[in-house]
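Shown below: upload-v7.txt, with compact mmCIF, C-alpha atoms.
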# COMPACT_ATOMS: atom_id res chain seq x y z
CA MET Z 1 -106.89 265.28 102.78
CA VAL Z 2 -104.30 267.81 101.60
CA ALA Z 3 -102.74 267.20 98.20
CA THR Z 4 -98.97 267.21 98.17
CA PRO Z 5 -97.78 269.75 95.61
CA ARG Z 6 -95.48 268.52 92.92
CA SER Z 7 -91.94 269.79 93.13
CA ASN Z 8 -90.94 272.37 90.59
CA ALA Z 9 -87.24 272.17 91.41
CA PRO Z 10 -84.89 272.40 88.43
CA SER Z 11 -84.01 269.09 86.81
CA LEU Z 12 -80.52 268.48 85.42
CA GLU Z 13 -81.61 265.99 82.79
CA LEU Z 14 -79.88 266.55 79.46
CA VAL Z 15 -82.25 268.25 77.04
CA LEU Z 16 -81.47 269.75 73.64
CA HIS Z 17 -83.31 272.58 71.95
CA ILE Z 18 -83.27 272.18 68.18
CA ARG Z 19 -84.20 274.71 65.50
CA VAL Z 20 -84.52 273.85 61.84
CA VAL Z 21 -85.76 275.49 58.66
CA SER Z 22 -88.08 273.23 56.68
CA PRO Z 23 -89.35 273.71 53.09
CA ASP Z 24 -93.12 274.07 53.28
CA ASP Z 25 -93.67 270.92 51.22
CA MET Z 26 -91.73 268.90 53.79
CA THR Z 27 -92.98 270.43 57.03
CA VAL Z 28 -96.05 268.20 57.45
CA ARG Z 29 -93.93 265.05 57.11
CA LEU Z 30 -91.33 266.47 59.49
CA VAL Z 31 -93.89 267.35 62.17
CA GLU Z 32 -95.50 263.91 61.90
CA ARG Z 33 -92.15 262.23 62.44
CA LEU Z 34 -91.33 264.44 65.40
CA ARG Z 35 -94.71 263.77 67.03
CA ALA Z 36 -94.00 260.05 66.76
CA HIS Z 37 -90.98 260.44 69.06
CA THR Z 38 -92.00 260.30 72.72
CA GLY Z 39 -88.76 262.08 73.64
CA VAL Z 40 -89.79 265.21 71.69
CA VAL Z 41 -91.72 267.92 73.58
CA ASN Z 42 -92.56 271.60 73.11
CA LEU Z 43 -92.87 271.17 69.36
CA VAL Z 44 -93.55 274.52 67.67
CA MET Z 45 -94.11 275.11 63.95
CA LEU Z 46 -94.09 278.67 62.62
CA PRO Z 47 -95.45 278.77 59.06
CA GLU Z 48 -93.45 280.93 56.65
CA ALA Z 49 -91.50 282.39 59.57
CA SER Z 50 -88.16 281.78 57.89
CA ALA Z 51 -86.51 284.37 55.69
CA ALA Z 52 -85.96 281.62 53.14
CA GLU Z 53 -88.56 281.50 50.40
CA ARG Z 54 -91.47 279.10 51.08
CA ALA Z 55 -89.96 277.73 54.28
CA ASP Z 56 -91.23 277.18 57.81
CA ALA Z 57 -89.40 277.44 61.13
CA VAL Z 58 -89.66 274.37 63.37
CA GLN Z 59 -88.27 274.14 66.89
CA PHE Z 60 -88.59 271.59 69.65
CA ASP Z 61 -86.92 270.09 72.72
CA VAL Z 62 -85.66 266.52 72.81
CA ALA Z 63 -84.27 264.31 75.56
CA SER Z 64 -80.78 262.92 75.02
CA ASP Z 65 -82.24 259.42 74.87
CA SER Z 66 -84.02 260.30 71.61
CA ALA Z 67 -81.64 262.93 70.24
CA ASN Z 68 -79.49 260.65 68.08
CA SER Z 69 -82.44 259.09 66.27
CA VAL Z 70 -84.19 262.46 65.85
CA LEU Z 71 -81.08 264.13 64.42
CA GLY Z 72 -80.61 261.13 62.14
CA GLU Z 73 -84.10 261.60 60.75
CA LEU Z 74 -83.50 265.32 60.18
CA ARG Z 75 -80.45 264.43 58.12
CA GLU Z 76 -82.36 261.66 56.34
CA LEU Z 77 -84.95 264.24 55.28
CA GLY Z 78 -82.13 266.36 53.87
CA LEU Z 79 -82.81 269.32 56.15
CA SER Z 80 -79.13 269.78 56.96
CA ARG Z 81 -78.56 270.49 53.26
CA GLN Z 82 -81.21 273.21 53.24
CA SER Z 83 -79.80 275.18 56.19
CA PRO Z 84 -77.83 274.46 59.38
CA ILE Z 85 -79.58 272.48 62.11
CA ILE Z 86 -79.08 274.53 65.29
CA ILE Z 87 -78.55 272.56 68.51
CA GLU Z 88 -78.54 274.18 71.95
CA THR Z 89 -77.92 272.37 75.23
CA ILE Z 90 -80.40 273.29 77.96
CA ASP Z 91 -78.75 273.62 81.37
CA ALA Z 92 -81.85 272.79 83.41
CA THR Z 93 -85.61 272.38 83.13
CA ILE Z 94 -88.43 273.26 85.54
CA THR Z 95 -91.81 271.56 85.31
CA ASP Z 96 -95.00 270.88 87.24
CA ALA Z 97 -96.20 268.62 84.45
CA PRO Z 98 -97.18 264.98 84.98
CA PRO Z 99 -94.38 262.38 84.78
CA ARG Z 100 -92.48 262.22 81.53
CA PRO Z 101 -93.94 260.01 78.83
CA ALA Z 102 -92.27 256.67 78.11
CA GLY Z 103 -89.21 257.34 76.02
CA TRP Z 104 -88.19 260.47 77.90
CA GLN Z 105 -85.35 258.91 79.82
CA PRO Z 106 -82.93 261.50 81.19
CA SER Z 107 -80.20 259.03 82.07
CA HIS Z 108 -79.21 255.39 82.32
CA LEU Z 109 -77.76 254.60 85.74
CA GLY Z 110 -76.96 258.29 86.05
CA GLU Z 111 -75.26 258.61 82.65
CA HIS Z 112 -76.72 260.71 79.84
CA VAL Z 113 -76.84 259.23 76.37
CA PRO Z 114 -74.04 260.75 74.26
CA VAL Z 115 -75.40 262.92 71.46
CA TRP Z 116 -72.96 262.05 68.71
CA ALA Z 117 -73.64 265.06 66.50
CA VAL Z 118 -72.73 267.37 69.39
CA ILE Z 119 -69.64 265.34 70.33
CA GLU Z 120 -68.37 265.23 66.75
CA ALA Z 121 -68.95 268.97 66.35
CA ARG Z 122 -67.07 269.63 69.60
CA ILE Z 123 -64.10 267.49 68.49
CA ALA Z 124 -64.07 269.13 65.06
CA GLY Z 125 -64.23 272.58 66.64
CA GLU Z 126 -61.29 271.85 68.94
CA ALA Z 127 -59.24 270.36 66.10
CA SER Z 128 -58.63 273.73 64.49
CA TYR Z 129 -55.07 273.80 63.20
CA ALA Z 130 -54.70 277.56 63.31
CA PRO Z 131 -51.32 279.24 63.97
CA SER Z 132 -52.18 279.26 67.69
CA PHE Z 133 -52.21 275.42 67.70
CA PHE Z 134 -48.60 275.29 66.53
CA ALA Z 135 -47.60 278.23 68.72
CA LEU Z 136 -48.93 276.48 71.83
CA LEU Z 137 -47.06 273.30 70.92
CA ILE Z 138 -43.85 275.32 70.59
CA PHE Z 139 -44.43 277.12 73.90
CA ALA Z 140 -45.21 273.80 75.59
CA GLY Z 141 -41.99 272.35 74.16
CA LEU Z 142 -39.99 275.27 75.57
CA ILE Z 143 -41.59 274.85 79.01
CA GLY Z 144 -40.85 271.13 78.85
CA ALA Z 145 -37.22 271.81 77.90
CA CYS Z 146 -36.88 274.14 80.90
CA GLY Z 147 -38.39 271.44 83.11
CA ILE Z 148 -35.90 268.85 81.87
CA LEU Z 149 -32.89 271.14 82.20
CA THR Z 150 -33.87 272.17 85.74
CA ASP Z 151 -35.29 268.76 86.68
CA SER Z 152 -38.60 270.44 87.61
CA SER Z 153 -41.65 268.18 87.62
CA ILE Z 154 -43.88 271.26 88.01
CA LEU Z 155 -42.69 272.65 84.68
CA ILE Z 156 -43.17 269.24 83.03
CA VAL Z 157 -46.77 269.15 84.23
CA GLY Z 158 -47.23 272.74 83.02
CA ALA Z 159 -45.96 271.75 79.57
CA MET Z 160 -48.45 268.87 79.46
CA VAL Z 161 -51.34 271.19 80.29
CA VAL Z 162 -50.32 273.86 77.75
CA GLY Z 163 -49.90 271.40 74.86
CA PRO Z 164 -52.98 271.25 72.58
CA GLU Z 165 -52.00 268.00 70.85
CA TYR Z 166 -54.83 265.90 72.30
CA SER Z 167 -57.39 267.79 70.20
CA ALA Z 168 -55.59 266.61 67.05
CA ILE Z 169 -55.11 263.09 68.43
CA ILE Z 170 -58.81 262.58 69.22
CA SER Z 171 -59.74 264.11 65.86
CA VAL Z 172 -57.57 261.51 64.10
CA ALA Z 173 -59.18 258.79 66.23
CA LEU Z 174 -62.65 260.02 65.26
CA GLY Z 175 -61.61 260.12 61.60
CA ILE Z 176 -60.45 256.49 61.80
CA GLU Z 177 -63.64 255.44 63.58
CA ARG Z 178 -65.83 257.18 60.98
CA GLY Z 179 -63.71 256.15 57.99
CA ASP Z 180 -62.86 259.76 57.12
CA PRO Z 181 -59.37 259.79 55.52
CA THR Z 182 -59.34 263.58 55.11
CA THR Z 183 -59.72 264.16 58.85
CA VAL Z 184 -57.07 261.53 59.58
CA ARG Z 185 -54.63 263.03 57.10
CA GLN Z 186 -55.12 266.60 58.34
CA GLY Z 187 -54.72 265.57 61.98
CA LEU Z 188 -51.57 263.51 61.39
CA LEU Z 189 -50.03 266.30 59.34
CA ALA Z 190 -50.79 268.84 62.07
CA LEU Z 191 -49.24 266.55 64.70
CA PHE Z 192 -46.12 265.97 62.59
CA VAL Z 193 -45.59 269.65 61.77
CA GLY Z 194 -46.45 270.79 65.30
CA PHE Z 195 -44.14 268.36 67.09
CA ALA Z 196 -41.37 268.96 64.55
CA ALA Z 197 -41.62 272.72 65.14
CA ALA Z 198 -41.65 272.22 68.92
CA ILE Z 199 -38.56 269.98 68.76
CA VAL Z 200 -36.63 272.36 66.50
CA VAL Z 201 -37.35 275.43 68.63
CA ALA Z 202 -36.61 273.54 71.87
CA LEU Z 203 -33.38 272.26 70.30
CA LEU Z 204 -32.26 275.79 69.43
CA PHE Z 205 -33.12 276.90 72.97
CA ALA Z 206 -31.18 273.99 74.52
CA LEU Z 207 -28.16 274.71 72.30
CA CYS Z 208 -28.15 278.32 73.51
CA ILE Z 209 -28.39 277.16 77.13
CA ARG Z 210 -25.47 274.76 76.59
CA GLU Z 211 -23.27 277.36 74.93
CA LEU Z 212 -24.03 279.99 77.57
CA GLY Z 213 -23.34 277.50 80.36
CA TYR Z 214 -26.72 277.86 82.03
CA ALA Z 215 -27.46 274.13 82.25
CA SER Z 216 -27.66 272.97 85.86
CA GLU Z 217 -24.62 271.25 87.32
CA SER Z 218 -26.62 268.11 88.07
CA TYR Z 219 -27.81 267.89 84.45
CA ARG Z 220 -24.27 268.28 83.10
CA ARG Z 221 -23.06 265.54 85.47
CA GLY Z 222 -25.73 263.16 84.19
CA LEU Z 223 -28.18 263.32 87.11
CA ARG Z 224 -31.37 263.50 85.06
CA PRO Z 225 -34.17 261.61 86.83
CA ILE Z 226 -36.98 263.23 84.83
CA SER Z 227 -35.16 262.89 81.53
CA ASP Z 228 -34.28 259.27 82.29
CA LEU Z 229 -37.91 258.51 83.09
CA ILE Z 230 -39.13 260.06 79.84
CA SER Z 231 -36.49 258.39 77.66
CA SER Z 232 -37.12 254.90 79.04
CA PRO Z 233 -40.47 253.66 77.70
CA ASP Z 234 -41.63 250.44 79.32
CA LEU Z 235 -44.77 248.49 80.17
CA PHE Z 236 -46.01 251.29 82.41
CA SER Z 237 -45.80 253.69 79.47
CA VAL Z 238 -48.13 251.40 77.51
CA VAL Z 239 -50.56 251.02 80.41
CA LEU Z 240 -50.70 254.79 81.03
CA ALA Z 241 -51.25 255.58 77.35
CA VAL Z 242 -54.04 252.99 77.05
CA VAL Z 243 -55.79 254.15 80.21
CA ALA Z 244 -55.40 257.81 79.22
CA GLY Z 245 -56.91 257.04 75.81
CA LEU Z 246 -59.93 255.40 77.45
CA VAL Z 247 -60.36 258.23 79.96
CA GLY Z 248 -60.12 260.81 77.19
CA VAL Z 249 -62.95 259.26 75.20
CA VAL Z 250 -65.16 258.78 78.26
CA SER Z 251 -64.58 262.38 79.37
CA LEU Z 252 -65.53 263.70 75.93
CA THR Z 253 -68.56 261.50 75.32
CA LEU Z 254 -69.97 261.79 78.83
CA SER Z 255 -68.96 265.45 79.43
CA ARG Z 256 -66.50 264.81 82.26
CA ALA Z 257 -64.27 267.86 81.78
CA GLY Z 258 -62.32 267.28 84.98
CA ALA Z 259 -61.19 263.85 83.82
CA LEU Z 260 -59.94 265.31 80.53
CA ILE Z 261 -57.46 267.49 82.42
CA GLY Z 262 -56.07 264.30 83.93
CA VAL Z 263 -55.43 263.00 80.41
CA PHE Z 264 -53.36 266.08 79.59
CA ILE Z 265 -51.05 265.53 82.57
CA SER Z 266 -50.68 261.76 82.30
CA VAL Z 267 -49.41 261.21 78.75
CA THR Z 268 -45.79 261.74 77.79
CA THR Z 269 -46.05 263.54 74.46
CA ILE Z 270 -44.78 267.11 74.92
CA PRO Z 271 -42.18 266.04 77.54
CA ALA Z 272 -40.89 263.40 75.12
CA ALA Z 273 -40.63 265.95 72.31
CA ALA Z 274 -38.78 268.35 74.62
CA ASP Z 275 -36.44 265.60 75.80
CA ILE Z 276 -35.58 264.71 72.20
CA ALA Z 277 -34.47 268.30 71.65
CA VAL Z 278 -32.50 268.65 74.90
CA SER Z 279 -30.84 265.24 74.53
CA VAL Z 280 -29.72 266.03 70.97
CA ALA Z 281 -28.38 269.41 72.08
CA PHE Z 282 -26.22 267.74 74.74
CA GLY Z 283 -25.21 264.80 72.56
CA ARG Z 284 -27.24 262.22 74.47
CA TRP Z 285 -28.26 260.17 71.45
CA ARG Z 286 -29.51 257.11 73.32
CA GLU Z 287 -31.84 259.24 75.43
CA ALA Z 288 -33.02 261.08 72.31
CA GLY Z 289 -33.88 257.75 70.66
CA GLY Z 290 -35.73 256.55 73.75
CA SER Z 291 -37.74 259.76 73.91
CA ALA Z 292 -38.63 259.44 70.22
CA VAL Z 293 -39.97 255.94 70.91
CA GLN Z 294 -41.89 257.32 73.90
CA LEU Z 295 -43.46 260.05 71.76
CA LEU Z 296 -44.48 257.69 68.96
CA LEU Z 297 -45.74 255.10 71.46
CA ASN Z 298 -47.97 257.59 73.28
CA VAL Z 299 -49.39 259.26 70.17
CA GLY Z 300 -49.97 255.94 68.41
CA LEU Z 301 -51.68 254.28 71.38
CA LEU Z 302 -53.84 257.32 72.10
CA ILE Z 303 -55.09 257.29 68.50
CA ILE Z 304 -55.68 253.52 68.35
CA VAL Z 305 -57.33 253.30 71.77
CA GLY Z 306 -59.36 256.44 71.07
CA ALA Z 307 -60.76 255.05 67.82
CA ALA Z 308 -61.57 251.69 69.43
CA ALA Z 309 -63.17 253.33 72.46
CA LEU Z 310 -65.33 255.61 70.31
CA ARG Z 311 -66.58 252.63 68.33
CA ALA Z 312 -67.23 250.67 71.54
CA GLN Z 313 -69.16 253.61 73.03
CA ARG Z 314 -71.40 253.82 69.97
CA LEU Z 315 -72.12 250.09 70.05
CA ILE Z 316 -72.74 250.00 73.80
CA TRP Z 317 -75.13 252.94 73.77
CA ARG Z 318 -76.87 251.72 70.62
CA ARG Z 319 -77.58 248.40 72.32
CA TRP Z 320 -78.53 250.05 75.62
CA THR Z 321 -80.96 252.55 74.13
CA GLY Z 322 -82.17 250.45 71.24

Show this structure as C-alpha cells.
Amino acid sequence: MVATPRSNAPSLELVLHIRVVSPDDMTVRLVERLRAHTGVVNLVMLPEASAAERADAVQFDVASDSANSVLGELRELGLSRQSPIIIETIDATITDAPPRPAGWQPSHLGEHVPVWAVIEARIAGEASYAPSFFALLIFAGLIGACGILTDSSILIVGAMVVGPEYSAIISVALGIERGDPTTVRQGLLALFVGFAAAIVVALLFALCIRELGYASESYRRGLRPISDLISSPDLFSVVLAVVAGLVGVVSLTLSRAGALIGVFISVTTIPAAADIAVSVAFGRWREAGGSAVQLLLNVGLLIIVGAAALRAQRLIWRRWTG
C-alpha cells in the first residue's frame, strides 16, 4: 500500500500574526490564556527580548474565528496600554500538519469571521480629514458640475468615484454604533465643511461658465435629463441609498473591495452637491432645493443604515461563532 501524501498547497484561510510586548510579571498568565485558545498556533515567547525594561516579546498566529476573543483578552489584560498590539494579515499558509484542531475554523459557509479591531482600524485610518480629503471633495464637485453642464453621465460617474465622502460617512456610522460622540461629531463636521466647500467652488465655476456663455445650448434651453434625475428624489432614491449602505458595510466587514466601488458609483452625494451649485448659478431654485433634499437623504440613510448594519453584523457573527 502506498500512502497518499498530504497536500502542501497554500491555503487562503484568514490568519493573523500578532505581536505584543508583555511585562514579565504578566507573561505567564498571558501565555496560559493563549494556550487555552484552540485557534492560536505558533506561539512564541522571547524572554526579555523587548527593549522595554523587564518585558517579554510574545508573538503567535490566530485564526479569524478566534481573533476577536483573543484580542479582547489582550485588551482586558491591559497590554494595549503598555505598547501597541501589532496585527498583520497573513496572505496564505502552507502546511503538512495534521488537520486543524477544533476551533480553527477558517470560514463559515465560505465567509471569514470579521476581525473587528482590524475593521475599526481600517475605517479610522480612511477617515483622515486631512486637506486632501477636502481637496478631493472639491475636485469631485467640479467634475460633477462639468458632467451636469454637459449632460455627461461618464463625468458624473467619475465624480462619484473621486469623492472620498464615504470614508467619513462610514466613520460616523461606526461612531454611532459604538456610542462614540467624538467620532460622530468629527465626521459630521468634515462632511458639512467638505460639501459646503465643494458647493461653493462649483458655484463659482458655474457662474463663470454662465457669464462666459460656455453652457451647452441644451442646458440653457432646459433639457437637463441628468440634472432632473438628481434633483427629483423619490422612492428609488431611498431604495438605492439603503441598498448601498448595506453593500458598503458588507464590503468592509467581509473584505469585498470590488463591491465597495459599486457603492461609490450608486449613491447621489457628490452629483447632488454639484447640482445644487449649478442650479443656483442658473437660477433654478426648485432644482437646487430638490438636489439638497437628495444630498441630505443619501447621506442620512447611508449613516443610519451603516450603523444598523454594523450592529447587525456584530450580533450575527457573535451568535454564529459563539

Minimum-distance residue to Cys208 of chain Z, chosen among Z:Ile230, Z:Ala281, Z:Ala312, Z:Ala244 (using only C-alpha atoms):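 Looking at the shortest contact to Cys208 of chain Z, the residue is Z:Ala281.
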
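Of the listed residues Z:Ser171, Z:Val242, Z:His37, Z:Pro271, the one whose atoms come nearest to Gly187 of chain Z is Z:Ser171, with distances taken using all atoms listed in the file.
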
Point-to-point distance in Å for atom CA of Leu254 of chain Z and atom CA of Val239 of chain Z: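 According to the coordinates, atom CA of Val239 of chain Z and atom CA of Leu254 of chain Z are separated by 22.3 Å.
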
Pick from Z:Val31, Z:Val299, Z:Ile18, Z:Leu149, whichever lies nearest to Ile270 of chain Z using only C-alpha atoms: Z:Val299

Exercise: segment 153-157 of chain Z partners within 8 Å, only C-alpha atoms, chain neighbours under 6 positions left out, as a list in words: Ile143, Gly144, Cys146, Gly147, Ile226, Ile265 and Pro271 of chain Z

Who sits within 10 Å of Asn42 of chain Z, only C-alpha atoms, same chain under 3 positions skipped, as a ChimeraX atom specification: /Z:17,45,59-62

Ile169 of chain Z environment, 7 Å, only C-alpha atoms, sequence neighbours closer than 3 positions dropped, as a ChimeraX atom specification: /Z:165-166,172-173,187,302-303

Requested write-out: C-alpha atoms of the selected residues, as a compact mmCIF listing (two decimals), in the frame of the given file:
# COMPACT_ATOMS: atom_id res chain seq x y z
CA GLU Z 165 -52.00 268.00 70.85
CA TYR Z 166 -54.83 265.90 72.30
CA VAL Z 172 -57.57 261.51 64.10
CA ALA Z 173 -59.18 258.79 66.23
CA GLY Z 187 -54.72 265.57 61.98
CA LEU Z 302 -53.84 257.32 72.10
CA ILE Z 303 -55.09 257.29 68.50

Å distance separating atom CA of Ile170 of chain Z from atom CA of Gln186 of chain Z, one decimal place: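 Interatomic distance here is 12.2 Å.
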
Exercise: Gly125 of chain Z partners within 10 Å, all atoms listed in the file, chain neighbours under 5 positions left out, as a list in words: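 The filter keeps Ile119, Glu120, Ser167 and Ser171 of chain Z.
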
Nearest to Arg220 of chain Z by atom-to-atom distance, counting all atoms listed in the file, from Z:Thr93, Z:Ser279, Z:Gln294, Z:Thr183: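 Ranked by minimum distance to Arg220 of chain Z, first place goes to Z:Ser279.
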
Can you patch up segment 228-243 of chain Z, filling it in to N, CA and C atoms, and show the result as a PDB file, keeping the file's coordinate frame?
ATOM      1  N   ASP Z 228     -34.436 260.722  82.359  1.00  0.00           N
ATOM      2  CA  ASP Z 228     -34.280 259.270  82.290  1.00  0.00           C
ATOM      3  C   ASP Z 228     -35.631 258.563  82.283  1.00  0.00           C
ATOM      4  N   LEU Z 229     -36.574 259.096  83.054  1.00  0.00           N
ATOM      5  CA  LEU Z 229     -37.910 258.510  83.090  1.00  0.00           C
ATOM      6  C   LEU Z 229     -38.606 258.649  81.747  1.00  0.00           C
ATOM      7  N   ILE Z 230     -38.476 259.821  81.123  1.00  0.00           N
ATOM      8  CA  ILE Z 230     -39.130 260.060  79.840  1.00  0.00           C
ATOM      9  C   ILE Z 230     -38.510 259.216  78.736  1.00  0.00           C
ATOM     10  N   SER Z 231     -37.192 259.066  78.748  1.00  0.00           N
ATOM     11  CA  SER Z 231     -36.490 258.390  77.660  1.00  0.00           C
ATOM     12  C   SER Z 231     -36.417 256.880  77.832  1.00  0.00           C
ATOM     13  N   SER Z 232     -37.149 256.350  78.799  1.00  0.00           N
ATOM     14  CA  SER Z 232     -37.120 254.900  79.040  1.00  0.00           C
ATOM     15  C   SER Z 232     -38.527 254.323  78.998  1.00  0.00           C
ATOM     16  N   PRO Z 233     -39.111 254.227  77.797  1.00  0.00           N
ATOM     17  CA  PRO Z 233     -40.470 253.660  77.700  1.00  0.00           C
ATOM     18  C   PRO Z 233     -40.479 252.188  78.131  1.00  0.00           C
ATOM     19  N   ASP Z 234     -41.522 251.816  78.834  1.00  0.00           N
ATOM     20  CA  ASP Z 234     -41.630 250.440  79.320  1.00  0.00           C
ATOM     21  C   ASP Z 234     -43.100 250.046  79.376  1.00  0.00           C
ATOM     22  N   LEU Z 235     -43.397 248.968  80.071  1.00  0.00           N
ATOM     23  CA  LEU Z 235     -44.770 248.490  80.170  1.00  0.00           C
ATOM     24  C   LEU Z 235     -45.689 249.539  80.792  1.00  0.00           C
ATOM     25  N   PHE Z 236     -45.178 250.276  81.768  1.00  0.00           N
ATOM     26  CA  PHE Z 236     -46.010 251.290  82.410  1.00  0.00           C
ATOM     27  C   PHE Z 236     -46.384 252.397  81.431  1.00  0.00           C
ATOM     28  N   SER Z 237     -45.481 252.688  80.492  1.00  0.00           N
ATOM     29  CA  SER Z 237     -45.800 253.690  79.470  1.00  0.00           C
ATOM     30  C   SER Z 237     -46.984 253.239  78.633  1.00  0.00           C
ATOM     31  N   VAL Z 238     -47.018 251.951  78.297  1.00  0.00           N
ATOM     32  CA  VAL Z 238     -48.130 251.400  77.510  1.00  0.00           C
ATOM     33  C   VAL Z 238     -49.422 251.464  78.301  1.00  0.00           C
ATOM     34  N   VAL Z 239     -49.349 251.034  79.564  1.00  0.00           N
ATOM     35  CA  VAL Z 239     -50.560 251.020  80.410  1.00  0.00           C
ATOM     36  C   VAL Z 239     -51.117 252.428  80.560  1.00  0.00           C
ATOM     37  N   LEU Z 240     -50.248 253.408  80.835  1.00  0.00           N
ATOM     38  CA  LEU Z 240     -50.700 254.790  81.030  1.00  0.00           C
ATOM     39  C   LEU Z 240     -51.320 255.346  79.757  1.00  0.00           C
ATOM     40  N   ALA Z 241     -50.707 255.058  78.605  1.00  0.00           N
ATOM     41  CA  ALA Z 241     -51.250 255.580  77.350  1.00  0.00           C
ATOM     42  C   ALA Z 241     -52.611 254.956  77.049  1.00  0.00           C
ATOM     43  N   VAL Z 242     -52.760 253.662  77.298  1.00  0.00           N
ATOM     44  CA  VAL Z 242     -54.040 252.990  77.050  1.00  0.00           C
ATOM     45  C   VAL Z 242     -55.125 253.537  77.966  1.00  0.00           C
ATOM     46  N   VAL Z 243     -54.809 253.637  79.252  1.00  0.00           N
ATOM     47  CA  VAL Z 243     -55.790 254.150  80.210  1.00  0.00           C
ATOM     48  C   VAL Z 243     -56.151 255.599  79.900  1.00  0.00           C
TER      49      VAL Z 243
END
